[in-house]
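Take a look at the structure below.
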Amino acid sequence: MLWSDEALELLEKIPDEIRPMAKQMMELYAKQQGIENITDDLMKDIRQSFESQYGDQKKCPFDGAEN
């Protein structure tokens, strides 16, 4: 699985304790969708999906950014 530099930067913002799980989830999602490259746009799409599924969160575990 290839990761863009921008996606790797976003990945680094995810807290250490959940980063491996978040990375695995993103790679699994990409594989299921037939996507070979993980980009920052894909990560943002996954974040939006997370937010719509789980509601208003103080922090999204997929990018470490405040909502």
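Identifiers for the structure tokens are assigned positionally: chains receive A, B, ... in sequence, residues are indexed from 1 per chain, and ligands are indexed from 1 in the order shown.
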
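If you count only C-alpha atoms and ignore residues fewer than 2 places along the chain from region 39-41 of chain A, what sits within 9 Å of it is A:Leu2, A:Trp3, A:Ser4, A:Asp5, A:Glu6, A:Ala7, A:Leu8, A:Glu9, A:Leu10, A:Asn37, A:Met43, A:Lys44, A:Asp45, A:Ile46.
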
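Reported to one decimal place, the separation of CA of Gln33 (chain A) from CA of Glu17 (chain A) is 26.1 Å.
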
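Counting only C-alpha atoms, the residue from A:Met1, A:Arg47, A:Ser52, A:Ala22 that sits nearest to Gly34 (chain A) is A:Met1.
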
Problem set entry | Close residues, Gln24 (chain A) itself excluded, 12 Å, only C-alpha atoms, min 5 positions apart in chain, as an NGL selection string | :A and (1 or 11 or 18-19 or 29-31 or 38 or 62)

For this session: Per DSSP on the backbone, filter region 7-44 of chain A down to the residues in helix (DSSP H, G or I) and report them as a ChimeraX atom specification.
Result: /A:7-13,19-32,40-44

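Note that CA of Asp16 (chain A) and CA of Ser49 (chain A) are 21.8 Å apart.
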